[in-house]
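Asks: Here it is, the structure, as structure tokens.
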Amino acid sequence: MTPGSDTDEVAARGAEESARRAVAAVWRIEAARITATLTRVVGDFALAEDLAQDALGEALATWPTKGVPRNPAAWLTAVAKRRAIDQWRRDVRHRDRLSELAFGIDQGSPTDAPWDPDTIDDDVLRLVFIACHPVLGAEAQVALTLRVVAGLTTEEIAAAFLAPVATVQQRIVRAKKRIADAGVAFETPPREELPERMRGVLATIYLLFTEGHSASHGSTWMRTDLAAEAVRLGRVLVALAPDHAEAHALLALMELTAARFPARTDAGGEPVLLEDQDRRRWDRDAIRRGRAALARAVELGGGLGNYGLQAAIAECHAVAASVATTDWARITALYDGLVELTGSPVVELNRVVALAHGEGPGAGLEALDALLGRGALAGHHLPHAVRGELLTRLGHSDEARAEFELAAAGTNNDDERRVLARKLAALPPRQRGPGTKN
Amino acid sequence: MSKFMLIMRATDEAVAAYKQVPFEEVIERMGRYNEALMKAGVMVGGDGLAEEPGLVVDFSQEQPLVTEGPYGETKELFSGFWVLEVPTIEEAAEWGKRCPLGPGAKLEIRRITDETDFPAGNEWIEKEEGWRQEQADRAAR
């Protein structure tokens with residue numbers, strides 16, 4: 001580069017960045033099908049994933065100068081297969097597979113898919129089951145799903161989780177080794193294992209979604225992107241497994257929850273509680289999609305499960321114009337179902353909140369104290385926050401203050417702490433002396 | 001993620017060429033394309049526009065003038081659209097390239113604005129959001 005060519009350099013960098021984004025775009029669309037096809041052909045998931053990444057690397061090296069091929073999926077698959085052949089030529093053990101692999105390596109017409117259209121969806125679903133396999137820990141499942149199913153690069157995954165690239169790389173390498181060591185087959189799980197394995201897949205996608213929208217760490221835009229990624233995966237899953245009611249239910253829950261994202265922070269970035277949210281900012285299209293997915297889950301029958309009940313609760317909020325006009329009786333009943341299903345005291349606490357909205361703070365407090373009386377949620381900060389809220393509404397400011405202070409001392413979450421500080425500040429000044437007490 | 005609109009435009013040439021293809025085949029090709037968009041989890045909306053001539057309201061005179069087509073000077077008929085939810089405009093373009101259209105047809109790709117494009121707290125923008133909600137609520141019932 002000669003001096004004075006700064007603008008050329010900037011332009012070149014701009015063109016390079018745009019070419020890189022074009023490769024990334026193709027990859028996001030094709031990664032799952034390419035990796036699934038390669039896994040079927042080479043019979044080894046870890047190898048297939050390596051080959052797919054090699055092909056992606058080659059695309060990144062050549063497309064920016066030579067342009068995107070007319071049939072990028074066929075190009076990528078052909079490159080990966082050639083690499084496999086190069087490796088196997090050196091190894092006599094793989095001679096049998098060579099002819100099979102060499103068959104049909106051409107880039108075809110611009111629209112021909114390099115895979116069998118009748119089996120590709122099943123192959124992608126098998127890939128999903130591998131990425132979410134129970135031999136992997138939750139973090140590995142999420143990273144592998146993002147990489148092989150969603151087509152994110154290691155760098156993108158690292159950015160989303162605020163983790164060093166090397167850490168994510170390591171995580172993926174280890175996950176692939178685990179899959180290989182455990183001899184995980186490229187197959188749809190047998191019928192008797194299917195419900196449990198499907199639950200695992202749904203849990204991975206939901207974890208990705210909650211990681212995206214919980215306020216545990218990370219800047220807002222990154223987390224929102226991660227949640228959007230989970231919604232996209234949820235849509236992919238219902239297309240692959242259209243008869244699975246809980247897959248539709250999970251999609252419904254994510255769409256209905258994500259619909260509220262535009263209203264969950266104010267102009268200054270401060271968190272806004274559901275009851276204070278400007279409902280005009282909710283995404284009505286997402287609500288429509290979520291309700292349609294929930295209706296489908298209901299239609300498929302078998303009763304609502306964990307995600308379905310949560311989605312139905314989210315729907316009650318989505319269709320209500322305000323807190324006051326919300327169908328709290330229905331929400332309380334849905335929570336009853338969830339409590340029965342999960343036995344979770346945190347869910348029971350949410351039920352208390354719904355009950356208090358529907359039947360008043362007195363009824364809520366009674367239910368809460370009954371819950372606490374059973375020793376549930378001991379040492380947890382949330383019941384103190386709820387108790388403080390109910391006491392505030394009953395006009396017992398001093399007791400409320402004590403509860404909010406306990407809650408604030410117990411949380412590690414900055415957003416929650418700010419909300420509690422606001423609630424404390426909104427209480428009337430402390431009453432002093434025995435004479436003022438009534 | 002952002003939403004992008006793929007705006008389909010066709011010249012007379014493209015429309016004529018398309019008429020040579022059996023209607024069933026056209027439907028099937030488009031159906032496969034839409035199916036691919038659904039399976040990839042990116043399609044959030046879309047519609048086609050009827051072929052019969054529409055009306056144009058022209059504001060170039062003192063009084064708005066209503067005429068039947070033609071549709072401006074481009075002679076490119078806006079014939080339908082898709083709304084895709086994808087992270088980059090490059091991915092929207094990549095999907096656009098896969099659309100089964102022929103010579104004379106064009107897809108224009110534009111980002112759809114969201115709440116971050118407008119100043120917070122503007123009275124008219126808030127009103128509009130309110131109208132949208134009312135409309136959607138009515139539609140949902």
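To be explicit about the labels: the chains of the structure tokens are called A, B, and onward in the order shown, and within each one the residues are counted from 1, while ligands get numbers from 1 in the order they are shown.
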Near B:Gly80, counting only C-alpha atoms, which residues have an atom at most 12 Å away, once you skip same-chain residues fewer than 6 positions from it, shown as a compact mmCIF listing (two decimals) with C-alpha atoms, in the first residue's frame?

Replies:
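Done, and the output landed in around.txt:
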# COMPACT_ATOMS: atom_id res chain seq x y z
CA MET B 5 -39.03 -5.93 2.90
CA LEU B 6 -38.35 -7.64 -0.40
CA ILE B 7 -40.34 -5.62 -2.88
CA MET B 8 -41.05 -7.44 -6.12
CA ARG B 9 -41.30 -5.35 -9.26
CA ALA B 10 -42.01 -6.64 -12.72
CA MET B 30 -43.24 -19.72 -5.41
CA GLY B 45 -45.03 -11.62 6.39
CA GLY B 46 -45.82 -11.08 2.76
CA ASP B 47 -48.56 -10.62 0.20
CA GLY B 48 -49.14 -10.38 -3.51
CA LEU B 49 -50.84 -7.58 -5.40
CA ALA B 50 -53.68 -8.30 -7.81
CA GLU B 51 -52.86 -8.03 -11.46
CA ALA B 105 -38.19 -8.72 -12.65
CA LYS B 106 -36.48 -6.98 -9.76
CA LEU B 107 -36.46 -7.30 -6.01
CA GLU B 108 -35.81 -4.19 -4.03

Asks: Please identify every residue of chain A that has at least one atom no farther than 7 Å from an atom of chain B, counting only C-alpha atoms, and for each give the shortest atom pair and the distance in Å to one decimal, arranged by chain then increasing number, as CSV.

Replies:
residue,atom,partner,partner_atom,distance
A:Arg21,CA,B:Glu90,CA,6.4
A:Ala22,CA,B:Glu90,CA,5.5
A:Ala25,CA,B:Glu91,CA,4.4
A:Val26,CA,B:Glu94,CA,6.6
A:Asp225,CA,B:Met1,CA,6.2
A:Ala228,CA,B:Met1,CA,6.5
A:Arg232,CA,B:Gly41,CA,5.0
A:Leu233,CA,B:Gly41,CA,6.9
A:Arg235,CA,B:Gly41,CA,4.7
A:Val236,CA,B:Gly41,CA,5.1
A:Ala239,CA,B:Lys39,CA,5.3
A:Ala267,CA,B:Ala120,CA,6.8
A:Arg280,CA,B:Gly130,CA,5.3
A:Arg281,CA,B:Glu129,CA,6.6
A:Arg284,CA,B:Ala136,CA,6.3

Asks: Which one of A:Gly200, A:Leu371, A:Leu226, A:His380 sits closest to A:Ile157 if you count only C-alpha atoms?

Replies: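 Looking at the shortest contact to A:Ile157, the residue is A:Leu226.
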
Asks: In Å, how far is it from atom CA of A:Ala59 to atom CA of A:Pro72?

Replies: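 Between atom CA of A:Ala59 and atom CA of A:Pro72 the gap works out to 9.0 Å.
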
Asks: Just want the 12 Å neighbourhood of B:Arg29, counted on only C-alpha atoms, with same-chain residues fewer than 2 positions away dropped. Output as a ChimeraX atom specification.

Replies: /A:111 /B:18,21-27,31-36,98-102

Asks: Please dump the current selection as a PDB file, in the first residue's frame; keep C-alpha atoms.

Replies:
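Okay, part39.pdb is ready:
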ATOM      1  CA  THR A 111     -30.675 -23.945  -8.211  1.00  0.00           C
TER       2      THR A 111
ATOM      3  CA  TYR B  18     -44.272 -15.429 -16.781  1.00  0.00           C
ATOM      4  CA  VAL B  21     -45.164 -20.741 -17.802  1.00  0.00           C
ATOM      5  CA  PRO B  22     -48.148 -22.854 -16.687  1.00  0.00           C
ATOM      6  CA  PHE B  23     -49.817 -21.217 -13.711  1.00  0.00           C
ATOM      7  CA  GLU B  24     -49.495 -24.389 -11.632  1.00  0.00           C
ATOM      8  CA  GLU B  25     -45.752 -24.318 -12.138  1.00  0.00           C
ATOM      9  CA  VAL B  26     -45.532 -20.687 -11.089  1.00  0.00           C
ATOM     10  CA  ILE B  27     -47.506 -21.459  -7.944  1.00  0.00           C
ATOM     11  CA  GLY B  31     -44.657 -22.227  -2.953  1.00  0.00           C
ATOM     12  CA  ARG B  32     -41.296 -23.950  -2.640  1.00  0.00           C
ATOM     13  CA  TYR B  33     -39.590 -20.617  -2.141  1.00  0.00           C
ATOM     14  CA  ASN B  34     -42.031 -19.583   0.584  1.00  0.00           C
ATOM     15  CA  GLU B  35     -41.642 -22.984   2.205  1.00  0.00           C
ATOM     16  CA  ALA B  36     -37.865 -22.535   2.284  1.00  0.00           C
ATOM     17  CA  ARG B  98     -33.109 -17.394  -4.404  1.00  0.00           C
ATOM     18  CA  CYS B  99     -36.500 -16.004  -5.392  1.00  0.00           C
ATOM     19  CA  PRO B 100     -37.797 -17.744  -8.548  1.00  0.00           C
ATOM     20  CA  LEU B 101     -38.046 -14.676 -10.767  1.00  0.00           C
ATOM     21  CA  GLY B 102     -36.845 -14.144 -14.318  1.00  0.00           C
TER      22      GLY B 102
END

Asks: Could you jot down the atom CA of A:Ala354 to atom CA of A:Gly305 separation for me, Å, one decimal place?

Replies: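 Here the two named atoms are 19.4 Å from each other.
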
Asks: Report, in Å with one decimal, the straight-line distance from atom CA of A:Met254 to atom CA of B:Gly96.

Replies: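 Atom CA of B:Gly96 lies 26.8 Å from atom CA of A:Met254.
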
Asks: From the DSSP assignment of the backbone, select every residue of stretch 9-75 of chain B that is helix (DSSP H, G or I), and format the answer as a list in words.

Replies: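 Here are the helix (DSSP H, G or I) residues of stretch 9-75 of chain B: Asp12, Glu13, Ala14, Val15, Ala16, Ala17, Tyr18, Lys19, Phe23, Glu24, Glu25, Val26, Ile27, Glu28, Arg29, Met30, Gly31, Arg32, Tyr33, Asn34, Glu35, Ala36, Leu37, Met38 and Lys39 of chain B.
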
Asks: Save the residues we just selected, C-alpha atoms, as a short mmCIF file (atom, residue, chain, number, x, y, z; two decimals), in the first residue's frame?

Replies:
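The result, written out as out.cif:
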data_model
loop_
_atom_site.label_atom_id
_atom_site.label_comp_id
_atom_site.auth_asym_id
_atom_site.auth_seq_id
_atom_site.Cartn_x
_atom_site.Cartn_y
_atom_site.Cartn_z
CA ASP B 12 -44.38 -5.88 -18.90
CA GLU B 13 -41.66 -8.11 -20.36
CA ALA B 14 -41.40 -10.11 -17.13
CA VAL B 15 -45.17 -10.41 -16.82
CA ALA B 16 -45.43 -11.62 -20.44
CA ALA B 17 -42.61 -14.15 -19.92
CA TYR B 18 -44.27 -15.43 -16.78
CA LYS B 19 -47.52 -16.02 -18.67
CA PHE B 23 -49.82 -21.22 -13.71
CA GLU B 24 -49.49 -24.39 -11.63
CA GLU B 25 -45.75 -24.32 -12.14
CA VAL B 26 -45.53 -20.69 -11.09
CA ILE B 27 -47.51 -21.46 -7.94
CA GLU B 28 -45.33 -24.46 -7.19
CA ARG B 29 -42.05 -22.56 -7.61
CA MET B 30 -43.24 -19.72 -5.41
CA GLY B 31 -44.66 -22.23 -2.95
CA ARG B 32 -41.30 -23.95 -2.64
CA TYR B 33 -39.59 -20.62 -2.14
CA ASN B 34 -42.03 -19.58 0.58
CA GLU B 35 -41.64 -22.98 2.21
CA ALA B 36 -37.86 -22.53 2.28
CA LEU B 37 -38.32 -19.14 3.96
CA MET B 38 -40.68 -20.64 6.55
CA LYS B 39 -38.39 -23.57 7.28
#

Asks: Can you pull out the residues contacting stretch 121-138 of chain A? Cut-off 10 Å, using only C-alpha atoms, and skip same-chain residues under 4 positions away; I want them as number ranges by chain.

Replies: A: 31-40, 45, 115-117, 142-150, 174-176, 178-179, 181-182, 184-189, 194, 196-205, 207-208, 233, 236-237, 239-241; B: 39

Asks: Please list as a ChimeraX atom specification every residue within 10 Å of A:Ala259, counting only C-alpha atoms and excluding residues in the same chain fewer than 6 positions away.

Replies: /A:253,279,281-290,314,318

Asks: With C-alpha atoms kept, could you save the residues just selected as a PDB file, in the first residue's frame?

Replies:
ATOM      1  CA  LEU A 253     -43.762 -18.454  24.629  1.00  0.00           C
ATOM      2  CA  ARG A 279     -48.202  -1.477  25.849  1.00  0.00           C
ATOM      3  CA  ARG A 281     -44.762  -0.420  22.132  1.00  0.00           C
ATOM      4  CA  TRP A 282     -45.383  -4.149  22.230  1.00  0.00           C
ATOM      5  CA  ASP A 283     -44.756  -5.854  18.915  1.00  0.00           C
ATOM      6  CA  ARG A 284     -48.260  -6.723  17.686  1.00  0.00           C
ATOM      7  CA  ASP A 285     -46.967  -8.900  14.848  1.00  0.00           C
ATOM      8  CA  ALA A 286     -44.952 -10.992  17.271  1.00  0.00           C
ATOM      9  CA  ILE A 287     -48.065 -11.307  19.473  1.00  0.00           C
ATOM     10  CA  ARG A 288     -50.088 -12.461  16.475  1.00  0.00           C
ATOM     11  CA  ARG A 289     -47.426 -15.074  15.612  1.00  0.00           C
ATOM     12  CA  GLY A 290     -47.191 -16.186  19.229  1.00  0.00           C
ATOM     13  CA  ALA A 314     -47.948 -14.485  28.363  1.00  0.00           C
ATOM     14  CA  ALA A 318     -50.479  -9.690  25.518  1.00  0.00           C
TER      15      ALA A 318
END
